[in-house]
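Novice: PDB, C-alpha atoms and all ligand atoms, file protein_8.pdb:
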```pdb
MODEL        1
ATOM      1  CA  MET A   1     -37.122 -17.234  -5.569  1.00  0.00           C
ATOM      2  CA  PHE A   2     -36.003 -15.373  -2.530  1.00  0.00           C
ATOM      3  CA  GLY A   3     -37.904 -15.918   0.666  1.00  0.00           C
ATOM      4  CA  SER A   4     -39.565 -19.158  -0.363  1.00  0.00           C
ATOM      5  CA  ARG A   5     -39.497 -22.067   2.068  1.00  0.00           C
ATOM      6  CA  ALA A   6     -37.577 -24.229  -0.387  1.00  0.00           C
ATOM      7  CA  ASP A   7     -34.768 -21.665  -0.384  1.00  0.00           C
ATOM      8  CA  THR A   8     -34.456 -21.615   3.382  1.00  0.00           C
ATOM      9  CA  LEU A   9     -34.061 -25.399   3.451  1.00  0.00           C
ATOM     10  CA  ALA A  10     -31.594 -25.572   0.581  1.00  0.00           C
ATOM     11  CA  PRO A  11     -27.853 -25.641   1.274  1.00  0.00           C
ATOM     12  CA  PRO A  12     -26.439 -22.120   1.453  1.00  0.00           C
ATOM     13  CA  PRO A  13     -25.117 -20.707  -1.812  1.00  0.00           C
ATOM     14  CA  ALA A  14     -21.344 -20.384  -2.201  1.00  0.00           C
ATOM     15  CA  ALA A  15     -21.448 -16.728  -1.117  1.00  0.00           C
ATOM     16  CA  GLU A  16     -22.830 -17.749   2.294  1.00  0.00           C
ATOM     17  CA  ARG A  17     -20.305 -20.492   3.022  1.00  0.00           C
ATOM     18  CA  ALA A  18     -17.083 -19.813   4.890  1.00  0.00           C
ATOM     19  CA  THR A  19     -13.944 -19.143   2.896  1.00  0.00           C
ATOM     20  CA  PRO A  20     -11.775 -22.293   2.957  1.00  0.00           C
ATOM     21  CA  GLY A  21      -9.003 -21.845   5.516  1.00  0.00           C
ATOM     22  CA  TYR A  22     -10.866 -19.118   7.425  1.00  0.00           C
ATOM     23  CA  THR A  23     -10.477 -19.234  11.197  1.00  0.00           C
ATOM     24  CA  ARG A  24     -11.540 -16.858  13.951  1.00  0.00           C
ATOM     25  CA  ALA A  25      -7.894 -16.517  14.999  1.00  0.00           C
ATOM     26  CA  LYS A  26      -6.997 -15.405  11.490  1.00  0.00           C
ATOM     27  CA  ALA A  27      -9.836 -12.857  11.604  1.00  0.00           C
ATOM     28  CA  GLU A  28      -8.623 -11.573  14.988  1.00  0.00           C
ATOM     29  CA  ARG A  29      -5.113 -11.085  13.614  1.00  0.00           C
ATOM     30  CA  PHE A  30      -6.596  -9.252  10.648  1.00  0.00           C
ATOM     31  CA  ARG A  31      -8.612  -6.896  12.887  1.00  0.00           C
ATOM     32  CA  ARG A  32      -5.462  -5.985  14.804  1.00  0.00           C
ATOM     33  CA  SER A  33      -3.431  -5.424  11.642  1.00  0.00           C
ATOM     34  CA  GLN A  34      -2.168  -2.005  10.709  1.00  0.00           C
ATOM     35  CA  ALA A  35      -3.587  -2.425   7.192  1.00  0.00           C
ATOM     36  CA  TRP A  36      -7.105  -2.842   8.614  1.00  0.00           C
ATOM     37  CA  ARG A  37      -6.717  -0.050  11.172  1.00  0.00           C
ATOM     38  CA  ARG A  38      -5.530   2.368   8.488  1.00  0.00           C
ATOM     39  CA  LEU A  39      -8.300   1.465   6.078  1.00  0.00           C
ATOM     40  CA  ARG A  40     -10.911   1.580   8.832  1.00  0.00           C
ATOM     41  CA  TYR A  41      -9.792   5.107   9.745  1.00  0.00           C
ATOM     42  CA  ARG A  42      -9.867   6.132   6.077  1.00  0.00           C
ATOM     43  CA  ILE A  43     -13.455   4.868   5.697  1.00  0.00           C
ATOM     44  CA  LEU A  44     -14.604   6.707   8.841  1.00  0.00           C
ATOM     45  CA  ALA A  45     -12.836   9.899   7.737  1.00  0.00           C
ATOM     46  CA  ALA A  46     -14.335   9.728   4.229  1.00  0.00           C
ATOM     47  CA  ASN A  47     -17.794   9.199   5.740  1.00  0.00           C
ATOM     48  CA  ALA A  48     -17.319  12.173   8.086  1.00  0.00           C
ATOM     49  CA  ASN A  49     -16.023  14.381   5.275  1.00  0.00           C
ATOM     50  CA  SER A  50     -19.079  13.575   3.169  1.00  0.00           C
ATOM     51  CA  HIS A  51     -21.339  15.294   5.713  1.00  0.00           C
ATOM     52  CA  ALA A  52     -21.660  19.060   6.117  1.00  0.00           C
ATOM     53  CA  ASP A  53     -21.069  18.875   9.880  1.00  0.00           C
ATOM     54  CA  GLY A  54     -17.951  16.725   9.431  1.00  0.00           C
ATOM     55  CA  LYS A  55     -19.357  13.936  11.609  1.00  0.00           C
ATOM     56  CA  ALA A  56     -19.446  10.279  10.589  1.00  0.00           C
ATOM     57  CA  ARG A  57     -22.951   8.827  10.288  1.00  0.00           C
ATOM     58  CA  CYS A  58     -24.435   5.337  10.119  1.00  0.00           C
ATOM     59  CA  THR A  59     -25.096   4.339   6.510  1.00  0.00           C
ATOM     60  CA  LEU A  60     -28.481   2.854   7.466  1.00  0.00           C
ATOM     61  CA  CYS A  61     -30.047   5.120  10.106  1.00  0.00           C
ATOM     62  CA  ASN A  62     -27.971   8.262   9.372  1.00  0.00           C
ATOM     63  CA  ARG A  63     -27.274   8.938  13.063  1.00  0.00           C
ATOM     64  CA  THR A  64     -23.948  10.104  14.453  1.00  0.00           C
ATOM     65  CA  ALA A  65     -22.423   8.099  17.310  1.00  0.00           C
ATOM     66  CA  ALA A  66     -23.685  10.735  19.760  1.00  0.00           C
ATOM     67  CA  GLU A  67     -27.217  10.632  18.317  1.00  0.00           C
ATOM     68  CA  ALA A  68     -27.279   6.827  18.297  1.00  0.00           C
ATOM     69  CA  GLY A  69     -25.688   6.617  21.753  1.00  0.00           C
ATOM     70  CA  CYS A  70     -23.341   3.892  20.561  1.00  0.00           C
ATOM     71  CA  ALA A  71     -20.136   3.418  18.607  1.00  0.00           C
ATOM     72  CA  LEU A  72     -19.855   3.520  14.840  1.00  0.00           C
ATOM     73  CA  HIS A  73     -18.376   0.404  13.266  1.00  0.00           C
ATOM     74  CA  VAL A  74     -16.777  -0.106   9.895  1.00  0.00           C
ATOM     75  CA  ASP A  75     -18.754  -3.054   8.593  1.00  0.00           C
ATOM     76  CA  HIS A  76     -17.847  -5.573   5.915  1.00  0.00           C
ATOM     77  CA  ARG A  77     -20.916  -5.859   3.670  1.00  0.00           C
ATOM     78  CA  GLU A  78     -19.631  -9.245   2.633  1.00  0.00           C
ATOM     79  CA  CYS A  79     -18.257 -10.724   5.859  1.00  0.00           C
ATOM     80  CA  VAL A  80     -14.575 -11.637   6.097  1.00  0.00           C
ATOM     81  CA  SER A  81     -15.600 -15.196   6.990  1.00  0.00           C
ATOM     82  CA  LYS A  82     -17.491 -15.474   3.713  1.00  0.00           C
ATOM     83  CA  ASN A  83     -15.122 -13.638   1.428  1.00  0.00           C
ATOM     84  CA  TRP A  84     -11.654 -13.261   2.883  1.00  0.00           C
ATOM     85  CA  GLY A  85     -10.423 -11.772  -0.390  1.00  0.00           C
ATOM     86  CA  ARG A  86     -12.544  -8.634   0.106  1.00  0.00           C
ATOM     87  CA  ARG A  87     -11.389  -7.867   3.673  1.00  0.00           C
ATOM     88  CA  LEU A  88      -9.427  -4.793   2.541  1.00  0.00           C
ATOM     89  CA  ASP A  89     -11.704  -3.859  -0.371  1.00  0.00           C
ATOM     90  CA  ALA A  90     -13.003  -0.348   0.371  1.00  0.00           C
ATOM     91  CA  THR A  91     -16.080  -0.985  -1.789  1.00  0.00           C
ATOM     92  CA  ASN A  92     -16.993  -3.790   0.637  1.00  0.00           C
ATOM     93  CA  LEU A  93     -17.009  -1.461   3.651  1.00  0.00           C
ATOM     94  CA  ARG A  94     -19.573   0.867   5.166  1.00  0.00           C
ATOM     95  CA  VAL A  95     -20.093   2.721   8.418  1.00  0.00           C
ATOM     96  CA  LEU A  96     -22.794   1.273  10.667  1.00  0.00           C
ATOM     97  CA  CYS A  97     -23.779   2.201  14.203  1.00  0.00           C
ATOM     98  CA  ALA A  98     -23.599  -0.630  16.725  1.00  0.00           C
ATOM     99  CA  ASP A  99     -27.429  -0.714  16.866  1.00  0.00           C
ATOM    100  CA  CYS A 100     -27.723  -1.341  13.134  1.00  0.00           C
ATOM    101  CA  ASN A 101     -24.811  -3.767  13.123  1.00  0.00           C
ATOM    102  CA  VAL A 102     -25.822  -5.832  16.140  1.00  0.00           C
ATOM    103  CA  GLY A 103     -27.517  -9.107  15.391  1.00  0.00           C
ATOM    104  CA  ARG A 104     -26.443  -8.959  11.791  1.00  0.00           C
ATOM    105  CA  SER A 105     -23.423 -11.155  12.440  1.00  0.00           C
ATOM    106  CA  ASN A 106     -22.252 -12.471   9.091  1.00  0.00           C
ATOM    107  CA  ARG A 107     -25.651 -12.385   7.407  1.00  0.00           C
ATOM    108  CA  PRO A 108     -26.491  -9.912   4.623  1.00  0.00           C
ATOM    109  CA  LEU A 109     -28.484  -6.892   5.724  1.00  0.00           C
ATOM    110  CA  GLU A 110     -29.328  -5.375   2.351  1.00  0.00           C
ATOM    111  CA  GLY A 111     -32.816  -3.934   2.215  1.00  0.00           C
ATOM    112  CA  VAL A 112     -33.321  -4.156   5.966  1.00  0.00           C
ATOM    113  CA  ALA A 113     -33.402  -0.724   7.534  1.00  0.00           C
ATOM    114  CA  PRO A 114     -34.211  -0.034  11.174  1.00  0.00           C
TER     115      PRO A 114
HETATM  116 ZN    ZN B 201     -27.589   2.900  12.486  1.00  0.00          ZN
ENDMDL
END
```
Let me see whether you can do it: turn the structure in this file into structure tokens.
Ligand SMILES: [Zn+2]
Specialist:
Amino acid sequence: MFGSRADTLAPPPAAERATPGYTRAKAERFRRSQAWRRLRYRILAANANSHADGKARCTLCNRTAAEAGCALHVDHRECVSKNWGRRLDATNLRVLCADCNVGRSNRPLEGVAP
């Protein structure tokens, strides 16, 4: 049962534990990699092209960067620390404004809209 007290005290399920061998340094190298930068650009461009005005929008609040007054991020739905294997999986990525992304850290955000 989701949300029950017993669940919050139980050890985290496998999906919420760090990938063995994951380090912050490894993640930093990944974020600077050309593979990530290319894919990130592709995701932002596809998001922008899906809107009539050609502007990228946050997947959660639907604001452009100008409307939100903050940057748009390409977010890993399943965090790289939790599932390193999906770091370059386009189906694991979405555009979020910094407001919607902040505070989320590596926790799931599904079903939580601002
Ligand atoms: Zn947003």
Novice: Please provide the set of residues having any atom within 10 Å of Leu39 in chain A, restricted to only C-alpha atoms, with same-chain residues fewer than 6 positions apart removed, written as a ChimeraX atom specification.
Specialist: /A:45,74,88-90,93
Novice: Please evaluate the PyMOL selection byres (((not hetatm)) within 9 of (chain B and resi 201)) against the structure above and give the resulting residues as a PyMOL selection string.
Specialist: chain A and resi 57-65+68+72+95-101+113-114
Novice: Hey, can you check how far CA of Phe30 in chain A sits from CA of Ala46 in chain A?
Specialist: 21.5 Å
Novice: Distance CA of Lys82 in chain A-CA of Arg17 in chain A, one decimal place?
Specialist: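 Separating CA of Lys82 in chain A from CA of Arg17 in chain A is a distance of 5.8 Å.
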Novice: What lies within 12 Å of Arg87 in chain A using only C-alpha atoms, ignoring chain neighbours under 4 positions off, as a VMD selection string?
Specialist: chain A and resid 19 22 26 to 27 30 to 31 33 35 to 37 39 to 40 74 to 83 91 to 93
Novice: Restrict the selected residues to C-alpha atoms and save them as a PDB file, in the frame of the given file.
Specialist:
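Final output, saved to result.pdb:
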```pdb
ATOM      1  CA  THR A  19     -13.944 -19.143   2.896  1.00  0.00           C
ATOM      2  CA  TYR A  22     -10.866 -19.118   7.425  1.00  0.00           C
ATOM      3  CA  LYS A  26      -6.997 -15.405  11.490  1.00  0.00           C
ATOM      4  CA  ALA A  27      -9.836 -12.857  11.604  1.00  0.00           C
ATOM      5  CA  PHE A  30      -6.596  -9.252  10.648  1.00  0.00           C
ATOM      6  CA  ARG A  31      -8.612  -6.896  12.887  1.00  0.00           C
ATOM      7  CA  SER A  33      -3.431  -5.424  11.642  1.00  0.00           C
ATOM      8  CA  ALA A  35      -3.587  -2.425   7.192  1.00  0.00           C
ATOM      9  CA  TRP A  36      -7.105  -2.842   8.614  1.00  0.00           C
ATOM     10  CA  ARG A  37      -6.717  -0.050  11.172  1.00  0.00           C
ATOM     11  CA  LEU A  39      -8.300   1.465   6.078  1.00  0.00           C
ATOM     12  CA  ARG A  40     -10.911   1.580   8.832  1.00  0.00           C
ATOM     13  CA  VAL A  74     -16.777  -0.106   9.895  1.00  0.00           C
ATOM     14  CA  ASP A  75     -18.754  -3.054   8.593  1.00  0.00           C
ATOM     15  CA  HIS A  76     -17.847  -5.573   5.915  1.00  0.00           C
ATOM     16  CA  ARG A  77     -20.916  -5.859   3.670  1.00  0.00           C
ATOM     17  CA  GLU A  78     -19.631  -9.245   2.633  1.00  0.00           C
ATOM     18  CA  CYS A  79     -18.257 -10.724   5.859  1.00  0.00           C
ATOM     19  CA  VAL A  80     -14.575 -11.637   6.097  1.00  0.00           C
ATOM     20  CA  SER A  81     -15.600 -15.196   6.990  1.00  0.00           C
ATOM     21  CA  LYS A  82     -17.491 -15.474   3.713  1.00  0.00           C
ATOM     22  CA  ASN A  83     -15.122 -13.638   1.428  1.00  0.00           C
ATOM     23  CA  THR A  91     -16.080  -0.985  -1.789  1.00  0.00           C
ATOM     24  CA  ASN A  92     -16.993  -3.790   0.637  1.00  0.00           C
ATOM     25  CA  LEU A  93     -17.009  -1.461   3.651  1.00  0.00           C
TER      26      LEU A  93
END
```
Novice: Report, in Å to a single decimal, how far apart CA of Trp84 in chain A and CA of Gly21 in chain A are.
Specialist: 9.4 Å
Novice: Extract range 4-91 of chain A from the coordinates I pasted, and write it as an mmCIF file, in the first residue's frame (atoms kept: C-alpha atoms).
Specialist:
```cif
data_model
loop_
_atom_site.group_PDB
_atom_site.id
_atom_site.type_symbol
_atom_site.label_atom_id
_atom_site.label_comp_id
_atom_site.auth_asym_id
_atom_site.auth_seq_id
_atom_site.Cartn_x
_atom_site.Cartn_y
_atom_site.Cartn_z
ATOM 1 C CA SER A 4 1.059 3.803 4.603
ATOM 2 C CA ARG A 5 3.352 4.320 7.578
ATOM 3 C CA ALA A 6 4.730 0.799 7.278
ATOM 4 C CA ASP A 7 5.939 1.616 3.765
ATOM 5 C CA THR A 8 7.785 4.734 4.837
ATOM 6 C CA LEU A 9 9.687 2.763 7.478
ATOM 7 C CA ALA A 10 10.511 -0.175 5.233
ATOM 8 C CA PRO A 11 13.846 -0.312 3.407
ATOM 9 C CA PRO A 12 13.614 1.401 0.024
ATOM 10 C CA PRO A 13 12.695 -0.839 -2.899
ATOM 11 C CA ALA A 14 15.431 -1.684 -5.408
ATOM 12 C CA ALA A 15 14.310 1.132 -7.724
ATOM 13 C CA GLU A 16 15.082 3.708 -5.012
ATOM 14 C CA ARG A 17 18.553 2.438 -4.132
ATOM 15 C CA ALA A 18 21.667 3.766 -5.826
ATOM 16 C CA THR A 19 23.062 1.873 -8.785
ATOM 17 C CA PRO A 20 26.126 -0.100 -7.625
ATOM 18 C CA GLY A 21 29.270 1.768 -8.656
ATOM 19 C CA TYR A 22 27.470 5.113 -8.999
ATOM 20 C CA THR A 23 29.449 8.137 -7.844
ATOM 21 C CA ARG A 24 28.800 11.862 -8.087
ATOM 22 C CA ALA A 25 32.043 12.252 -10.048
ATOM 23 C CA LYS A 26 30.802 9.728 -12.587
ATOM 24 C CA ALA A 27 27.520 11.659 -12.856
ATOM 25 C CA GLU A 28 29.420 14.932 -13.351
ATOM 26 C CA ARG A 29 31.454 13.396 -16.171
ATOM 27 C CA PHE A 30 28.236 12.133 -17.721
ATOM 28 C CA ARG A 31 26.607 15.592 -17.586
ATOM 29 C CA ARG A 32 29.589 17.093 -19.397
ATOM 30 C CA SER A 33 29.636 14.369 -22.046
ATOM 31 C CA GLN A 34 28.847 15.127 -25.646
ATOM 32 C CA ALA A 35 26.369 12.227 -25.729
ATOM 33 C CA TRP A 36 24.320 13.841 -22.940
ATOM 34 C CA ARG A 37 24.583 17.353 -24.383
ATOM 35 C CA ARG A 38 23.393 16.143 -27.786
ATOM 36 C CA LEU A 39 20.501 14.165 -26.364
ATOM 37 C CA ARG A 40 19.535 17.002 -24.034
ATOM 38 C CA TYR A 41 19.378 19.387 -27.003
ATOM 39 C CA ARG A 42 17.323 16.863 -28.983
ATOM 40 C CA ILE A 43 14.792 16.545 -26.134
ATOM 41 C CA LEU A 44 14.463 20.334 -25.792
ATOM 42 C CA ALA A 45 14.099 20.740 -29.565
ATOM 43 C CA ALA A 46 11.458 17.991 -29.786
ATOM 44 C CA ASN A 47 9.542 19.611 -26.918
ATOM 45 C CA ALA A 48 9.710 23.024 -28.619
ATOM 46 C CA ASN A 49 8.639 21.578 -31.969
ATOM 47 C CA SER A 50 5.607 19.957 -30.354
ATOM 48 C CA HIS A 51 4.175 23.384 -29.499
ATOM 49 C CA ALA A 52 2.543 25.729 -32.007
ATOM 50 C CA ASP A 53 4.709 28.673 -30.918
ATOM 51 C CA GLY A 54 7.908 26.617 -31.220
ATOM 52 C CA LYS A 55 8.857 27.253 -27.588
ATOM 53 C CA ALA A 56 9.850 24.525 -25.140
ATOM 54 C CA ARG A 57 7.498 24.160 -22.170
ATOM 55 C CA CYS A 58 7.666 22.484 -18.768
ATOM 56 C CA THR A 59 5.995 19.070 -18.876
ATOM 57 C CA LEU A 60 4.291 19.717 -15.521
ATOM 58 C CA CYS A 61 3.234 23.382 -15.436
ATOM 59 C CA ASN A 62 3.299 24.016 -19.219
ATOM 60 C CA ARG A 63 5.165 27.324 -18.862
ATOM 61 C CA THR A 64 7.959 28.485 -21.143
ATOM 62 C CA ALA A 65 11.235 29.559 -19.526
ATOM 63 C CA ALA A 66 10.188 33.202 -19.955
ATOM 64 C CA GLU A 67 6.770 32.585 -18.373
ATOM 65 C CA ALA A 68 8.275 30.611 -15.488
ATOM 66 C CA GLY A 69 11.124 33.103 -15.051
ATOM 67 C CA CYS A 70 13.620 30.270 -14.739
ATOM 68 C CA ALA A 71 15.554 27.807 -16.862
ATOM 69 C CA LEU A 72 14.122 24.658 -18.382
ATOM 70 C CA HIS A 73 15.917 21.461 -17.417
ATOM 71 C CA VAL A 74 15.966 18.087 -19.088
ATOM 72 C CA ASP A 75 15.028 15.833 -16.201
ATOM 73 C CA HIS A 76 15.643 12.126 -15.736
ATOM 74 C CA ARG A 77 12.328 10.659 -14.552
ATOM 75 C CA GLU A 78 14.308 7.807 -13.090
ATOM 76 C CA CYS A 79 17.405 9.490 -11.656
ATOM 77 C CA VAL A 80 20.844 8.546 -12.971
ATOM 78 C CA SER A 81 21.864 7.640 -9.414
ATOM 79 C CA LYS A 82 19.051 5.100 -9.255
ATOM 80 C CA ASN A 83 19.222 3.707 -12.753
ATOM 81 C CA TRP A 84 22.481 4.487 -14.500
ATOM 82 C CA GLY A 85 21.456 2.296 -17.431
ATOM 83 C CA ARG A 86 18.673 4.720 -18.419
ATOM 84 C CA ARG A 87 20.818 7.889 -18.431
ATOM 85 C CA LEU A 88 20.648 8.175 -22.235
ATOM 86 C CA ASP A 89 17.182 6.637 -22.642
ATOM 87 C CA ALA A 90 15.014 9.310 -24.291
ATOM 88 C CA THR A 91 11.873 7.735 -22.809
#
```
